[in-house]
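K.L.:
Quick one: structure below, then a few questions.
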Amino acid sequence: MAGMIKKEDVEKVRAAADLYDIVSASVSLKPSGTGTYVGLCPFHDEKTGSFNVRPSLGVWHCFGCGLGGDVFKFVEQQENIDFREAVQLLADKYRIELHYENSGGGGANERAGSKRARLLEANEEAQRFFVSQIMTKEALAARKLLGGRTFSQADCERFGCGYAPQGWDNLVRHLASKGFTQQEMLDAGLARQGQRGVYDYFRGRVTWPIRDSTGRTLGFGARKLYEDDTIAAKYINTPDTALYRKNQVLYGIDLAKKAIVRKRQVVIVEGYTDVMAMHLAGVDTAIATCGTAFGAEHAKIVRRLIADDSLGAVQLVGPLKVEGQPLSSRIVFTFDGDAAGQKAALHAFGLDSAFLSQTFVAVADDNLDPCDLRIERGDEAVRSLIEHAKPLYDFVIDAAIGRFDTTYTTGQMGAVKAVAPLVAQIRDRSLLDIYTRKATRRIGVDLDIMRNEVNSARRRLHVREDDAYAPRRRFGGAGGAGDARVEPGANPYANPARRRELEHRDATEQTYFRIDDAVFIAEQQFMAMLIQVPRAVDANWFAALTLANFMTPVFRTLYQAIAAAGGLPSNDTPQGLWMHNLTKAGGPMLEPVINELAVMPLPLPSEGRGGAGQDAPAADAQLRAPSKAEVQYANELLAKLLDMGMMRRIGAARRRMAMLPDGEEKISLLGEITRLETSRKDLQAQVYGNNVG
């Protein structure tokens, strides 16, 4: 087995890895102050963004769940891998060759070190193989199927359509010729173990690559072509693997992500050809689930991309106007209008209230799916379908009422009995009464009758009440997005984000220890300045600091950690390396403190940085030169800490003098007090009087 990755190679990867690009692949980030970006945390469910990223320092921190770290830690958390694999994954991404200490096994062992990277490579090679087969004579049935849906060869190339040939082990033999082991093929879900050996999982089918938002192929979907196919299912997907989780992947997300973020709209369809039809018709926000119903994990992915917090602490819920776009922000499902489609719509009721408030349903006449609609009526009909989508609640309620003839009393009561359980499932108490009244007017009965039925159904179904429009507390609360309660028998250590969230909530909600005073603020702001812009701190004044200048325990300990890291960094130290050295010296207890201070907004002008992700200096750059305002602010904070230290020494000396008889020692203490008072005046004059900058 390969040894440890050489430290210099780790630093090369750290310098090359762009934290903004890596995080923004799965999280919609918005500028928030100098070089800081905010979005919805990908590691715990939240409605209001508390996930902060500071690309210039190569650090991220979530104020909601407490998780944070550098680019490697983000990849570890996101991909569920260890540090070594995170370095290898990023090295592969940025084409950096890694070297190992005491490897002894040569390049092959080193290359095989990252299992995840090998599985990704196997999927990419499989995709190349499938695409290479689509124009063969055997693939005529595949070309006819795609051509019959009005997809041209160029369209198929755009969406990566391929063909898995019939036979036993065509792909297995191809991958083996490229150096992949049978175990890697099995682990990637590309092959299965049979009595006669390993054989292809996908055979005699049209294939589509299922990719993540960065374009990495995680698995495949495939459609049946031949009647003698041994697998009866019309569509099959890659089984769950280390890369592919069916409840966490969305077909087309790699093609649609930019448009989803820009338009704050997503269209969810049911099949691969529907995604193709939507995009070709101009609906470039279309995606599809892969062999499973749209669920809570999918909702989290979508919400992180369309989230909007443009009013700061005010939570924006519901379809919002989007500048430059004809449609408001929305999630549109293209369910069929039949019983199966209505069942799918009812399934969506299990999603959270904030998500449902933006959810719409689009149903074509004659229950045509988007692909067939495009074939029969053209691109304009597909675009019109999305434009005229109906809110989910209205769709489900109207569909239930529409089954009854409400011109008769018995029909009215039947509609009440059918629709009351649906209205009752609306967890959002701010919408419950509105939809109760709407259903009442539509059926034509007395409001009290409908309310009684809804309330009865609500009690019977044990519906958990929620309010999507209520302000969210940063660290959660009962029933909210950040609710960190641990269910009986559950293991909180199985989910670090959940455990951190609970710890932070405990700290936030207690009433016996509060710190919000000038001393704490000065120490906190100074430490944030020291971490974010160390070159703004005067080296001579910093050298005058001692442990006695800090009163807050965590900052006293952090001051010692800075000393353990070697003190102030030299000007040619890379930004990312400074953070790495500091967090390494601070250890696991101080790491979240350092991360939080690194992304904490400072009361300073932005100096033109942090507009779109490319303006802020990268983590591989040398520590940036401070602005004039930053130097001034750092000097003011440092002067406060030095002044506090001298004040405490003066107080101690005066107490000592009060206990001494007249004599030489008392005179000496008086001289020390006079010297300290003079130093305090000089320090204040230098900072505030001379406007040092």
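Just so we're on the same page: first chain in the structure tokens is A, next is B, and so on; residues restart at 1 for each chain, and ligands are numbered from 1 in the order they show up.
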Could you pull out the strand (DSSP E) residues of range 59-131 of chain A, going by DSSP on the backbone, and write them as a list of chain:residue names?

P.N.:
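Secondary structure check on range 59-131 of chain A, strand (DSSP E): A:Val59, A:Trp60, A:His61, A:Cys62, A:Gly68, A:Gly69.
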
K.L.:
Could you take the residues named above and write them with C-alpha atoms, as a tab-separated table (two decimals), in the first residue's frame?

P.N.:
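Contents of out.tsv, freshly written:
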```tsv
chain	number	residue	atom	x	y	z
A	59	VAL	CA	-11.96	28.25	4.66
A	60	TRP	CA	-15.70	27.64	5.17
A	61	HIS	CA	-17.89	27.55	8.27
A	62	CYS	CA	-21.57	26.93	8.97
A	68	GLY	CA	-16.19	24.04	8.93
A	69	GLY	CA	-12.66	23.69	7.64
```

K.L.:
Extract, using only C-alpha atoms, all DNA, RNA and protein residues at most 10 Å from Asp284 in chain A, discarding same-chain residues fewer than 2 positions from it, and format them as a list in words.

P.N.:
Gly252, Leu255, Ala256, Lys257, Lys258, Ala259, Ile260, Lys263, Gln265, Val266, Val267, Val275, Met276, Ala277, Met278, His279, Leu280, Ala281, Gly282, Ala286 and Ile287 of chain A

K.L.:
Using only C-alpha atoms, which residue out of A:Ile22, A:Leu218, A:Leu57, A:Ile253 lies closest to Gln622 in chain A?

P.N.:
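Checking each of A:Ile22, A:Leu218, A:Leu57, A:Ile253 against Gln622 in chain A, counting only C-alpha atoms, the winner is A:Leu57.
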
K.L.:
Residues at most 8 Å from Val249 in chain A, counting only C-alpha atoms, excluding those fewer than 6 positions away in the same chain, as a PyMOL selection string?

P.N.:
chain A and resi 210-212+289-290+298

K.L.:
Between A:Ala91, A:Ile231, A:Val599, A:Val537, which one has atoms that come closest to Gly35 in chain A, using only C-alpha atoms?

P.N.:
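Among A:Ala91, A:Ile231, A:Val599, A:Val537, it is A:Val599 that comes nearest to Gly35 in chain A.
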
K.L.:
Rounded to one decimal place, report the CA of Asn571 in chain A-CA of Ile96 in chain A distance in Å.

P.N.:
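CA of Ile96 in chain A lies 26.1 Å from CA of Asn571 in chain A.
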
K.L.:
Residues of range 66-165 of chain A that approach range 174-180 of chain A to 10 Å or less, counting only C-alpha atoms: could you list each one with the shortest pair of atoms and its distance in Å to one decimal, rows by chain and increasing residue number, as a tab-separated table?

P.N.:
```
residue	atom	partner	partner_atom	distance
A:Arg118	CA	A:Phe180	CA	8.2
A:Leu119	CA	A:Phe180	CA	9.2
A:Glu121	CA	A:Phe180	CA	9.1
A:Ala122	CA	A:Phe180	CA	7.1
A:Asn123	CA	A:Leu175	CA	9.7
A:Glu125	CA	A:Leu175	CA	7.3
A:Ala126	CA	A:Leu175	CA	7.4
A:Phe129	CA	A:His174	CA	7.8
```

K.L.:
Could you list, as a list of chain:residue names, every residue within 7 Å of Ile397 in chain A, counting only C-alpha atoms and ignoring same-chain residues fewer than 4 positions away?

P.N.:
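The residues satisfying every condition are A:Tyr393, A:Ile401, A:Val419, A:Leu422.
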
K.L.:
For Pro42 in chain A, list every protein, DNA or RNA residue within 8 Å, evaluated using only C-alpha atoms, and leave out those in the same chain fewer than 2 positions away; present the list as an MDAnalysis selection string.

P.N.:
chainID A and resid 26:27 40 44:45 78 300:301 304

K.L.:
For the selection just defined, write its residues with C-alpha atoms to a file, as a short mmCIF file (atom, residue, chain, number, x, y, z; two decimals), in the first residue's frame.

P.N.:
```cif
data_model
loop_
_atom_site.label_atom_id
_atom_site.label_comp_id
_atom_site.auth_asym_id
_atom_site.auth_seq_id
_atom_site.Cartn_x
_atom_site.Cartn_y
_atom_site.Cartn_z
CA SER A 26 -23.52 22.19 -5.15
CA VAL A 27 -24.41 25.35 -3.22
CA LEU A 40 -27.64 27.00 2.44
CA HIS A 44 -27.76 19.97 7.47
CA ASP A 45 -31.25 21.03 6.47
CA GLN A 78 -19.46 16.07 0.94
CA LYS A 300 -32.47 19.84 -0.32
CA ILE A 301 -30.37 19.87 -3.49
CA ARG A 304 -29.72 25.09 -2.14
#
```

K.L.:
Find the residues around Glu376 in chain A up to 12 Å (only C-alpha atoms counted), leave out those fewer than 6 positions away in its own chain, and share them as JSON, numbers by chain.

P.N.:
{"A": [148, 149, 150, 277, 364, 365, 366, 368, 369, 370, 382]}

K.L.:
Could you tell me which of A:Asp428, A:Asp200, A:Glu323, A:Glu664 comes closest to Asp169 in chain A if we count only C-alpha atoms?

P.N.:
A:Asp200

K.L.:
Using backbone DSSP assignments, extract all helix (DSSP H, G or I) residues from range 1-106 of chain A; output them as number ranges by chain.

P.N.:
A: 7-16, 19-24, 55-57, 71-79, 83-93
